[in-house]
Amino acid sequence: MKGILPFLLVLLSAVPVAAQQARTKVTIAPWPQDRTAAISLTFDDAMDTHLDLAGPILKKHRLNGTFFVSTGLGVWEKRKGEWKQLAKDGNELGDHTVHHPCLLPEIEPRSQDYTPEMMEAEIRNAARAVSEVVPRQRGLSFAYPCGDLSFGPPADQAKNSALYLRFVAEYAFGARISGPGGGQDPDDISVLTISDLGPTEKKDFSGLLAMADPAVQQHQWGVFCFHGIGGEYLSVSAPAFDELAAYLDAHREIWTATFGDVLRYIQERKSAAIEIHENGGGSIDVALSWPLDSQIYDLPLTLKVEVTGGANEVTATADGDHLQVKLIKQNDSAVALVEVPSNTKVVHITSTRR
């Protein structure tokens, strides 16, 4: 309409939102609060040591992890109340099938003996069991037993790999494999085949830290996969895990969060669309769209607002409520980090000089 500044629609990845008329640049930070990288601590199979040692160590260091549970292996049923409390404490419980079928010949049951109906039941029934004990329904994540991406006799495994992914997608919004190791680029991930950092068995603290370092240095996502903690199988020692947790607690510039929450933020950031309108006088309105399912994708996004002109204060409101803003001064400019609750429609941002 004539006389009204046009809105600029930009699908955001890491591209700044800036019209030729705009003095203010706005992006969505790659990680919450513009942290440097992300780490997730995940645990497979539902073991006693997860409840006895891993959970208390995480709580001591104010961290949360993701526990991919196999609901038919015994520990799940015997200690279900403790798994429920683990979830109440902020940890994530994920689907790792009921009986942990695997293509490795030494592990029972053998995935080679599975039909599509059997494999779908493994995923479906575990998803239902986990959903019954989590206090809040936000969607489930999944981890493939043994890292396998197929099942059935060798002649059927090529076609069954597509079926496996379809079954997982029906009951989970993201999944972890056991891959060759390495960090995950948040701008280039396949949500159903997110790789871990590699084997952790018998690693000491230095070895575990070295696994994560490339992902941190490259501002990526590193996913640890643990089995036993201080015992059981494929284990790391409790002191080694405790040291790793203490390190992550001390280095809050690294976002340590559950597998599901990191994936939520990545997907929300990549899919979000904004419109920016310059009001003049150091004031802008930022309209946001949230196209993903709000029951699953419910994390706040961090807007990174670059302001010029020596602003000493930046405030932000949405629907009449003040939002959390962190102002970082950089010579004669500044960056404001604005925490925007999910499904917020419009954010009003004002920068002032005192």
# chains A, B, ... in the order shown; residues from 1 in each chain; ligands from 1

call {"tool": "residues_around", "arguments": {"residues": "A:Leu327", "least_positions_apart": "4", "cutoff": "7 Å", "atoms": "only C-alpha atoms", "output": "list in words"}}
result
Val314, Ala334, Val335, Ala336 and Leu337 of chain A

call {"tool": "write_last_selection", "arguments": {"atoms": "N, CA and C atoms", "output": "PDB file, in the first residue's frame"}}
result
ATOM      1  N   VAL A 314      18.437  -1.841  25.080  1.00  0.00           N
ATOM      2  CA  VAL A 314      17.522  -2.455  24.122  1.00  0.00           C
ATOM      3  C   VAL A 314      16.437  -3.173  24.915  1.00  0.00           C
ATOM      4  N   ALA A 334      26.264  -2.529  18.838  1.00  0.00           N
ATOM      5  CA  ALA A 334      25.880  -3.474  19.887  1.00  0.00           C
ATOM      6  C   ALA A 334      25.069  -4.599  19.276  1.00  0.00           C
ATOM      7  N   VAL A 335      25.050  -5.732  19.967  1.00  0.00           N
ATOM      8  CA  VAL A 335      24.229  -6.874  19.590  1.00  0.00           C
ATOM      9  C   VAL A 335      23.309  -7.190  20.755  1.00  0.00           C
ATOM     10  N   ALA A 336      22.032  -7.279  20.473  1.00  0.00           N
ATOM     11  CA  ALA A 336      21.055  -7.651  21.488  1.00  0.00           C
ATOM     12  C   ALA A 336      20.555  -9.062  21.200  1.00  0.00           C
ATOM     13  N   LEU A 337      20.576  -9.903  22.214  1.00  0.00           N
ATOM     14  CA  LEU A 337      20.055 -11.257  22.108  1.00  0.00           C
ATOM     15  C   LEU A 337      18.689 -11.281  22.778  1.00  0.00           C
TER      16      LEU A 337
END

call {"tool": "select_by_dssp", "arguments": {"residues": "stretch 29-228 of chain A", "states": "helix (DSSP H, G or I)", "output": "count of residues only"}}
result
82

call {"tool": "atom_distance", "arguments": {"atom1": "atom CA of A:Ala121", "atom2": "atom CA of A:Val168"}}
result
10.9 Å

call {"tool": "atom_distance", "arguments": {"atom1": "atom CA of A:Glu278", "atom2": "atom CA of A:Thr302"}}
result
19.5 Å

call {"tool": "closest_residue", "arguments": {"among": "A:Asn279, A:Thr317, A:Ser150, A:Gln295", "to": "A:Leu104", "atoms": "only C-alpha atoms"}}
result
A:Ser150

call {"tool": "residues_around", "arguments": {"residues": "A:Leu208", "least_positions_apart": "4", "cutoff": "10 Å", "atoms": "only C-alpha atoms", "output": "list in words"}}
result
Leu197, Gly198, Pro199, Thr200, Glu201, Lys202, Lys203, Asp204, Ala212, Asp213, Phe224, Val236, Ala240, Phe241, Glu243 and Leu244 of chain A

call {"tool": "write_last_selection", "arguments": {"atoms": "C-alpha atoms", "output": "mmCIF file, in the first residue's frame"}}
result
data_model
loop_
_atom_site.group_PDB
_atom_site.id
_atom_site.type_symbol
_atom_site.label_atom_id
_atom_site.label_comp_id
_atom_site.auth_asym_id
_atom_site.auth_seq_id
_atom_site.Cartn_x
_atom_site.Cartn_y
_atom_site.Cartn_z
ATOM 1 C CA LEU A 197 30.509 -38.906 17.920
ATOM 2 C CA GLY A 198 31.678 -42.528 17.826
ATOM 3 C CA PRO A 199 32.365 -45.282 20.382
ATOM 4 C CA THR A 200 32.845 -44.126 23.976
ATOM 5 C CA GLU A 201 33.760 -47.465 25.585
ATOM 6 C CA LYS A 202 36.730 -47.238 28.002
ATOM 7 C CA LYS A 203 37.407 -43.612 27.127
ATOM 8 C CA ASP A 204 38.803 -41.476 29.944
ATOM 9 C CA ALA A 212 33.714 -33.496 21.228
ATOM 10 C CA ASP A 213 36.374 -30.896 20.497
ATOM 11 C CA PHE A 224 27.652 -38.696 22.707
ATOM 12 C CA VAL A 236 33.006 -45.720 30.623
ATOM 13 C CA ALA A 240 35.388 -40.140 33.510
ATOM 14 C CA PHE A 241 31.735 -39.359 32.934
ATOM 15 C CA GLU A 243 34.598 -35.150 34.776
ATOM 16 C CA LEU A 244 32.936 -34.678 31.410
#

call {"tool": "atom_distance", "arguments": {"atom1": "atom CA of A:Arg353", "atom2": "atom CA of A:Val325"}}
result
15.9 Å

call {"tool": "residues_around", "arguments": {"residues": "A:Leu140", "least_positions_apart": "4", "cutoff": "9 Å", "atoms": "only C-alpha atoms", "output": "ChimeraX atom specification"}}
result
/A:92-95,127,130-131,171-174,260,296

call {"tool": "residues_around", "arguments": {"residues": "stretch 227-235 of chain A", "least_positions_apart": "2", "cutoff": "6 Å", "atoms": "only C-alpha atoms", "output": "list in words"}}
result
Phe43, Asp44, Thr49, Glu201, Ser237 and Ala238 of chain A

call {"tool": "closest_residue", "arguments": {"among": "A:Ile266, A:Cys146, A:Asn331, A:Leu53", "to": "A:Glu106", "atoms": "only C-alpha atoms"}}
result
A:Cys146

call {"tool": "closest_residue", "arguments": {"among": "A:Gln324, A:Ser70, A:Thr258, A:Thr344", "to": "A:Leu288", "atoms": "only C-alpha atoms"}}
result
A:Thr344

call {"tool": "residues_around", "arguments": {"residues": "stretch 151-153 of chain A", "least_positions_apart": "4", "cutoff": "6 Å", "atoms": "only C-alpha atoms", "output": "PyMOL selection string"}}
result
chain A and resi 111-114+157

call {"tool": "write_last_selection", "arguments": {"atoms": "N, CA, C and O atoms", "output": "PDB file, in the first residue's frame"}}
result
ATOM      1  N   SER A 111      17.685 -59.280  14.107  1.00  0.00           N
ATOM      2  CA  SER A 111      16.841 -58.533  13.175  1.00  0.00           C
ATOM      3  C   SER A 111      16.630 -59.269  11.857  1.00  0.00           C
ATOM      4  O   SER A 111      15.656 -59.016  11.148  1.00  0.00           O
ATOM      5  N   GLN A 112      17.550 -60.198  11.545  1.00  0.00           N
ATOM      6  CA  GLN A 112      17.399 -60.973  10.305  1.00  0.00           C
ATOM      7  C   GLN A 112      16.108 -61.789  10.304  1.00  0.00           C
ATOM      8  O   GLN A 112      15.595 -62.149   9.235  1.00  0.00           O
ATOM      9  N   ASP A 113      15.584 -62.073  11.488  1.00  0.00           N
ATOM     10  CA  ASP A 113      14.382 -62.894  11.601  1.00  0.00           C
ATOM     11  C   ASP A 113      13.097 -62.063  11.619  1.00  0.00           C
ATOM     12  O   ASP A 113      12.004 -62.629  11.742  1.00  0.00           O
ATOM     13  N   TYR A 114      13.220 -60.756  11.478  1.00  0.00           N
ATOM     14  CA  TYR A 114      12.059 -59.876  11.629  1.00  0.00           C
ATOM     15  C   TYR A 114      11.356 -59.622  10.310  1.00  0.00           C
ATOM     16  O   TYR A 114      11.986 -59.395   9.272  1.00  0.00           O
ATOM     17  N   GLN A 157      16.966 -56.672   2.841  1.00  0.00           N
ATOM     18  CA  GLN A 157      17.421 -55.536   3.644  1.00  0.00           C
ATOM     19  C   GLN A 157      17.451 -54.220   2.870  1.00  0.00           C
ATOM     20  O   GLN A 157      17.230 -53.155   3.448  1.00  0.00           O
TER      21      GLN A 157
END

call {"tool": "residues_around", "arguments": {"residues": "A:Asp45", "least_positions_apart": "6", "cutoff": "7 Å", "atoms": "only C-alpha atoms", "output": "list in words"}}
result
Phe68, Val69, Ser70 and His96 of chain A

call {"tool": "closest_residue", "arguments": {"among": "A:Gln217, A:Val191, A:Ala272, A:Asp332", "to": "A:Ile254", "atoms": "only C-alpha atoms"}}
result
A:Gln217

call {"tool": "select_by_dssp", "arguments": {"residues": "stretch 14-177 of chain A", "states": "strand (DSSP E or B)", "output": "ChimeraX atom specification"}}
result
/A:17,25-28,37-44,66-69,92-95,102,110,141-143,174-177
